[in-house]
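Structure record follows, encoded as structure tokens.
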Amino acid sequence: MEFAFSEDQLLFQTTLRDFLRKECPPDAVRALWQTETGRSPALWRKLAELGLPGMLAPAARGGLGMDEIDQVLLMEEAGRAALGEPLVATAAVGVPLAAALGLEDWLERAARGAALLAVGHPVAPFVADAHVADLLLLEREGELFAVERAALALAHQPTNDPARRIYSVAWSPAGTTRVADRAAARPLLDAALDRGALASAAQLLGVAEQLIELAVAHACQREQFGRPIGSFQAVQHMLANAKLRLEYARPVVHRAAHSVARSVATRSVDASHAKLAAGEAAALAARVALQVHGAIGYTWEQDLHIWMRRAWSLELEWGAAAFHRRRVADAVLAPGARIGPGRTFQGDD
Amino acid sequence: MDLTYTPAERAFRAEARRWLAANVPRAPLRSFDTAEGCAEHRAWEKKLHAGGFAMVPWPVEYGGRGANLLEWLIFEEEYYRAGAPRRVNQNGIFLLGPTIMEFGTAEQKARYLPRIASSEELWAQGWSEPNAGSDMAAIAASARREGDHYVLRGQKTWASRGAFADWLFGLFRTDPSTERHKGLSFLLVPLDLPGVTVRPIAQLDGEAGFAEVFFDDARVPVANRLGDEHRGWQVAMATAGFERGLMLRSPARFQATAQRLVDLYRENAGDAEPTLREAVVQCWMDAEAYALETYRTVCRMLGGGKIGFEASLNKIFWSELDVRMHETALRLLGARADLLPEAPAARGVGEWLDGYLFSLSGPIYAGTNEIQRNVIAERILGLPRSG
């Protein structure tokens with residue numbers, strides 16, 4: 001039993017944090033809000049130099065041959081920086097799905113950053129980042145299809161988060177594009193959902209952490225009644241509550257990374273729990289951070305809402321709360337469910 | 001990261017499970033806050049000790065079995081899974097013991113630890129005073145040095161287990177010229193000393209769970225001081241860290257409650273308000289989150305880490321989870337919720353009421369949750385001092 005990250009994993013995390021601080025400051029995030037695609041090919045190339053898009057791809061296919069435990073801390077950093085690039089669609093979900101489908105050519109291109117992937121999953125009514133994807137892996141009636149963007153009609157659905165780009169996709173299934181029949185597609189779709197939920201949850205942790213950090217900084221600097229407002233217990237306790245939710249969501253997300261990486265039996269419940277816990281932590285952090293900022297936080301100009309909007313939109317990605325809550329409830333409340341002391345991890349009874 | 005158990009850890013679990021299955025009393029013991037119940041619990045502790053399971057992470061020479069903290073967590077899981085009795089000497093085994101391990105002299109370790117492990121000596125906590133509750137640094141009970149002795153005067157109150165304990169540990173002001181956190185010493189006081197008077201206090205549930213203790217020139221040897229003179233605050237903070245941060249409330253306790261809550265929901269789902277389904281599942285998730293965070297903490301400690309201010313996060317989380325679980329259970333019970341265990345119609349649900357009343361003390365003892373939130377704000381988040 002070793003519930004900790006390795007030196008290498010922690011080093012990769014700080015490397016990416018430093019990189020994103022430089023390459024993805026709030027001004028850059030805002031600038032991308034204004035562009036047509038909202039995405040930066042130049043930034044994606046640099047992320048590819050770090051190996052991020054293909055980190056889950058085997059080394060023989062140009063990837064880093066890593067797993068979700070290696071990836072989870074990096075997703076947290078993407079959330080902390082409010083990075084809009086399609087890391088979840090391509091790096092967390094698309095690449096392993098392409099690998100499982102044996103789409104070797106696409107896998108290699110995606111792994112080296114030369115192609116973007118998007119995934120249309122029945123859990124979501126829209127496809128994120130479809131507009132920049134070179135290849136879309138789309139579900140229809142339980143089957144999976146691999147379709148190039150040129151063969152699709154996209155309708156942009158503007159959302160509350162300018163960094164989030166989601167689309168309705170119109171297309172016609174054909175035998176030539178089918179890559180998995182129902183029996184083959186089912187476990188792949190299940191795994192894709194768990195990976196997507198996990199990666200979104202990890203980003204939500206980073207978002208929550210950033211929101212708390214911004215609020216603490218504001219509370220230390222802003223004075224009223226001749227004192228920093230952070231010295232008032234009403235303000236302190238709000239922030240303490242946000243910190244509490246965050247710190248008890250973190251191990252849940254990290255455990256889910258382990259469950260997904262090792263495909264343990266509780267993988268889906270663990271991923272759902274992670275998504276719920278991180279979603280709640282980020283939602284509370286957003287609510288508290290805004291209240292601590294007061295009116296200045298309610299302006300477009302203040303950067304706070306960059307992360308508030310990430311908190312709100314990521315919470316809807318890869319299954320909204322109701323979906324995940326139902327999944328956990330069905331498992332936990334089922335007769336004979338394996339719950340109770342000593343059953344947190346696998347193989348102990 | 002590897003969240004699987006080693007063969008040695010599995011073997012340890014199997015051994016603990018076997019022993020508990022053969023030895024846990026069939027019928028529940030009476031409350032340890034009654035004289036008869038306390039005696040029954042002492043007898044159980046003696047049996048645990050004889051089996052080598054009283055305090056598994058302690059060195060063998062002090063009555064433990066030299067296990068690591070992970071094995072302690074595994075043992076706790078098996079302990080709650082077996083429905084074994086609550087630990088009457090929790091003040092000794094979970095709070096004072098680890099503190100003696102850290103601050104005690106070789107003589108003190110040899111003198112106290114084995115008798116704590118065997119519960120031959122039961123311990124009470126002596127922190128609060130009538131005018132020092134959340135503001136513990138306002139302690140006024142004094143210990144005046146006279147040669148090889150301290151002469152104790154003053155009063156402690158809300159001393160947990162005070163009614164039936166043999167000893168009390170607590171902070172006393174050894175330097176009368178000081179105020180607040182300085183000039184305090186951590187003393188170990190026999191409760192049968194001349195000049196010590198114990199007056200039990202009935203708690204919300206009617207039982208004598210705590211006591212007030214009066215000191216009227218009681219003489220305690222200087223050898224009973226734990227840690228340096230006038231540096232007792234630092235020792236007390238370590239004790240509080242164990243209490244809030246790890247040992248007092250192991251996750252298995254709450255996982256067992258969550259499991260019972262799920263069972264209760266299954267039995268009552270037909271009549272339950274629809275929102276209770278969500279509440280029950282949330283309780284289960286939170287109990288799991290607490291277990292996961294504890295495993296993470298233990299792994300960090302095995303790697304040389306220490307429990308710091310994050311103990312305050314811990315204390316809030318388990319205490320408020322415990323209240324939520326019991327509130328949810330009472331709502332599931334509906335009109336039966338206020339039946340005492342002895343009510344003929346209670347049919348086994350009366351324990352939820354007992355548990356609810358006890359859970360309400362959680363946000364108060366071991367430092368109120370309001371104080372813990374101040375600690376999080378100022379010590380973890382780095383906000384400016386309040387007040």
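Just remember, in the structure tokens the first chain shown is A, the second B, etc., residues are 1-based per chain, and ligands are 1-based in the order shown.
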May I ask you to extract the residues of chain A within 6 Å of chain B, using only C-alpha atoms, and to give them as a list of chain:residue names?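 On the chain A side, the interface is A:Met1, A:Glu2, A:Phe3, A:Ala4, A:Phe5, A:Gly230, A:Ser231, A:Phe232, A:Gln236, A:His237, A:Ala240, A:Leu244, A:Tyr248, A:Pro251, A:Val252, A:Ala329, A:Gly340, A:Pro341, A:Gly342.
Taking region 140-255 of chain A and asking which residues DSSP calls strand (DSSP E or B) on the backbone, you get Arg140, Glu143, Leu144, Phe145, Ala146, Val147, Glu148, Ala153, Leu154, Ala155, His156, Gln157, Ile166, Tyr167, Ser168, Val169, Ala170, Arg178, Val179, Ala180, Glu223, Gln224, Arg227 and Pro228 of chain A.
The gap separating CA of Ser313 (chain A) from CA of Glu76 (chain A) is 15.3 Å, in Å to one decimal.
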For the structure I just gave you, how does DSSP split region 50-284 of chain A - specifically, which residues are helix (DSSP H, G or I)? Reply as a ChimeraX atom specification. /A:59-61,68-80,87-101,104-111,149-151,182-221,229-231,233-262,267-284
Taking into account only C-alpha atoms, which residue in the set B:Met247, B:Ala279, B:Ala345, B:Ala132 is nearest to Leu321 (chain B)?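 Using only C-alpha atoms, the shortest distance to Leu321 (chain B) belongs to B:Ala279.
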Find the spatial neighbours of region 52-55 of chain B, counting only C-alpha atoms, within a cut-off of 8 Å - ignore same-chain residues fewer than 6 positions away - and output them as an MDAnalysis selection string. chainID B and resid 16 45 63:65 93 117:118
Long-range neighbours of Ile307 (chain B) as a PDB file with C-alpha atoms, in the first residue's frame, 9 Å cut-off, only C-alpha atoms, 4 positions minimum in chain:
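Wrote part.pdb, looks like this:
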```
ATOM      1  CA  ALA B 238       1.136  17.097  19.860  1.00  0.00           C
ATOM      2  CA  GLY B 241      -2.689  16.515  16.792  1.00  0.00           C
ATOM      3  CA  PHE B 242      -3.100  12.792  17.466  1.00  0.00           C
ATOM      4  CA  GLY B 245      -5.563  14.188  13.117  1.00  0.00           C
ATOM      5  CA  LEU B 246      -5.397  10.460  13.229  1.00  0.00           C
ATOM      6  CA  THR B 297      -1.829  10.615   5.731  1.00  0.00           C
ATOM      7  CA  MET B 301       3.818   9.488   8.026  1.00  0.00           C
ATOM      8  CA  ALA B 311      -5.373  17.787  11.771  1.00  0.00           C
TER       9      ALA B 311
END
```
Let me make sure I understand: among B:Ser185, B:Gln155, B:Ser134, B:Thr328, which one has the smallest atom-to-atom distance to Glu273 (chain B) if we use only C-alpha atoms?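 Checking each of B:Ser185, B:Gln155, B:Ser134, B:Thr328 against Glu273 (chain B), counting only C-alpha atoms, the winner is B:Thr328.
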I want to know what sits within 9 Å of region 197-214 of chain A, based on only C-alpha atoms, with residues of the same chain fewer than 6 positions away left out; could you give that as number ranges by chain? A: 68, 71-82, 87-88, 92-93, 239, 242-243, 246, 249-250, 253-254, 256-257, 260, 270-272, 274-279, 281-286, 288-290, 293, 304, 307-308, 310-311, 314-315, 317-319; B: 381
Pick out the residues sitting within 12 Å of Arg173 (chain B), and hand them over as a PyMOL selection string; count only C-alpha atoms, and ignore anything fewer than 5 positions along from it in its own chain. chain B and resi 127+136-145+150-155+178-187+229-233
For N, CA and C atoms, I'd like the residues from the last selection saved as a compact mmCIF listing (two decimals), in the first residue's frame.
```txt
# COMPACT_ATOMS: atom_id res chain seq x y z
N TRP B 127 -8.03 19.21 30.22
CA TRP B 127 -7.71 20.45 29.50
C TRP B 127 -8.57 21.61 30.02
N MET B 136 -7.89 27.80 25.41
CA MET B 136 -7.18 26.91 26.33
C MET B 136 -5.98 27.59 26.98
N ALA B 137 -5.43 28.59 26.30
CA ALA B 137 -4.25 29.26 26.87
C ALA B 137 -4.60 30.10 28.09
N ALA B 138 -5.91 30.20 28.41
CA ALA B 138 -6.32 30.96 29.60
C ALA B 138 -6.26 30.10 30.86
N ILE B 139 -5.64 28.93 30.77
CA ILE B 139 -5.57 28.00 31.90
C ILE B 139 -5.04 28.68 33.16
N ALA B 140 -5.76 28.45 34.27
CA ALA B 140 -5.37 29.09 35.53
C ALA B 140 -4.95 28.08 36.59
N ALA B 141 -5.35 26.81 36.47
CA ALA B 141 -4.96 25.82 37.47
C ALA B 141 -3.44 25.82 37.58
N SER B 142 -2.94 25.89 38.82
CA SER B 142 -1.51 26.13 38.96
C SER B 142 -0.80 24.93 39.58
N ALA B 143 0.48 24.83 39.30
CA ALA B 143 1.34 23.80 39.87
C ALA B 143 2.59 24.53 40.37
N ARG B 144 2.63 24.78 41.66
CA ARG B 144 3.75 25.52 42.25
C ARG B 144 4.85 24.53 42.62
N ARG B 145 6.06 24.83 42.18
CA ARG B 145 7.17 23.91 42.43
C ARG B 145 7.63 24.02 43.88
N TYR B 150 5.28 19.25 42.58
CA TYR B 150 4.41 20.38 42.23
C TYR B 150 3.21 20.33 43.16
N VAL B 151 2.77 21.51 43.61
CA VAL B 151 1.59 21.59 44.45
C VAL B 151 0.47 22.18 43.61
N LEU B 152 -0.56 21.36 43.37
CA LEU B 152 -1.61 21.72 42.42
C LEU B 152 -2.78 22.41 43.10
N ARG B 153 -3.23 23.51 42.50
CA ARG B 153 -4.44 24.20 42.96
C ARG B 153 -5.27 24.59 41.75
N GLY B 154 -6.58 24.50 41.92
CA GLY B 154 -7.45 24.97 40.83
C GLY B 154 -8.44 23.89 40.42
N GLN B 155 -9.00 24.08 39.25
CA GLN B 155 -10.10 23.20 38.82
C GLN B 155 -10.00 22.89 37.33
N THR B 178 3.67 34.13 34.18
CA THR B 178 3.42 34.12 32.73
C THR B 178 1.93 34.17 32.44
N GLU B 179 1.67 34.42 31.18
CA GLU B 179 0.28 34.38 30.71
C GLU B 179 0.22 33.54 29.45
N ARG B 180 -1.01 33.18 29.12
CA ARG B 180 -1.25 32.50 27.85
C ARG B 180 -0.43 31.22 27.69
N HIS B 181 0.17 31.05 26.49
CA HIS B 181 0.76 29.75 26.14
C HIS B 181 2.06 29.44 26.87
N LYS B 182 2.68 30.45 27.42
CA LYS B 182 3.97 30.21 28.08
C LYS B 182 3.75 29.87 29.55
N GLY B 183 4.73 29.16 30.11
CA GLY B 183 4.69 28.90 31.55
C GLY B 183 3.76 27.79 31.96
N LEU B 184 3.32 26.98 31.00
CA LEU B 184 2.46 25.83 31.31
C LEU B 184 3.29 24.55 31.27
N SER B 185 2.91 23.57 32.09
CA SER B 185 3.58 22.27 32.03
C SER B 185 2.53 21.16 31.93
N PHE B 186 2.96 20.08 31.30
CA PHE B 186 2.07 18.94 31.04
C PHE B 186 2.30 17.94 32.15
N LEU B 187 1.30 17.71 33.01
CA LEU B 187 1.49 16.85 34.18
C LEU B 187 0.58 15.63 34.15
N GLU B 229 9.75 21.71 31.62
CA GLU B 229 8.98 22.62 32.46
C GLU B 229 8.65 23.89 31.69
N HIS B 230 7.48 24.37 31.85
CA HIS B 230 6.96 25.60 31.20
C HIS B 230 6.77 25.44 29.69
N ARG B 231 7.01 24.22 29.16
CA ARG B 231 6.87 24.01 27.71
C ARG B 231 5.73 23.03 27.42
N GLY B 232 4.77 23.02 28.31
CA GLY B 232 3.68 22.04 28.18
C GLY B 232 2.78 22.27 26.98
N TRP B 233 2.71 23.52 26.53
CA TRP B 233 1.82 23.82 25.40
C TRP B 233 2.21 23.00 24.17
```
Nearby residues (only C-alpha atoms) at most 10 Å from Ala184 (chain A), same-chain spacing under 5 positions excluded, as a PyMOL selection string: chain A and resi 101+142-144+179+189
Limited to N, CA and C atoms, could you put the picked residues into a file as a PDB file, in the first residue's frame?
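This went into result_1.pdb:
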```pdb
ATOM      1  N   LEU A 101      -8.881   0.945 -30.325  1.00  0.00           N
ATOM      2  CA  LEU A 101      -9.542   0.646 -31.594  1.00  0.00           C
ATOM      3  C   LEU A 101      -8.555   0.225 -32.681  1.00  0.00           C
ATOM      4  N   GLY A 142     -24.954   2.529 -29.889  1.00  0.00           N
ATOM      5  CA  GLY A 142     -24.075   1.549 -29.264  1.00  0.00           C
ATOM      6  C   GLY A 142     -22.854   1.179 -30.069  1.00  0.00           C
ATOM      7  N   GLU A 143     -22.794   1.625 -31.310  1.00  0.00           N
ATOM      8  CA  GLU A 143     -21.621   1.321 -32.126  1.00  0.00           C
ATOM      9  C   GLU A 143     -20.695   2.538 -32.166  1.00  0.00           C
ATOM     10  N   LEU A 144     -19.447   2.279 -32.531  1.00  0.00           N
ATOM     11  CA  LEU A 144     -18.470   3.377 -32.604  1.00  0.00           C
ATOM     12  C   LEU A 144     -18.022   3.595 -34.045  1.00  0.00           C
ATOM     13  N   VAL A 179     -15.982   1.430 -36.528  1.00  0.00           N
ATOM     14  CA  VAL A 179     -14.743   0.839 -36.011  1.00  0.00           C
ATOM     15  C   VAL A 179     -14.986  -0.155 -34.884  1.00  0.00           C
ATOM     16  N   LEU A 189     -16.535   2.377 -24.539  1.00  0.00           N
ATOM     17  CA  LEU A 189     -17.294   3.569 -24.146  1.00  0.00           C
ATOM     18  C   LEU A 189     -17.292   3.733 -22.626  1.00  0.00           C
TER      19      LEU A 189
END
```
Given only C-alpha atoms as the counted atoms, nearest of A:Ala60, A:Leu32, A:Ala192, A:Ala42 to Val119 (chain A): A:Ala192
By how many Å are CA of His273 (chain A) and CA of Ala321 (chain A) apart?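 Value for the CA of His273 (chain A)-CA of Ala321 (chain A) distance: 9.7 Å.
Using only C-alpha atoms, the smallest distance between any of A:Glu104, A:Asp8, A:Asp27, A:Asp18 and Glu301 (chain A) comes from A:Asp27.
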Interatomic distance between CA of Phe32 (chain B) and CA of Ala218 (chain B)?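 According to the coordinates, CA of Phe32 (chain B) and CA of Ala218 (chain B) are separated by 27.5 Å.
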With only C-alpha atoms as the basis for distance, which of A:Arg255, A:His121, A:Arg30, A:Arg61 is at the shortest distance from Leu107 (chain A)?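 Nearest to Leu107 (chain A): A:Arg61.
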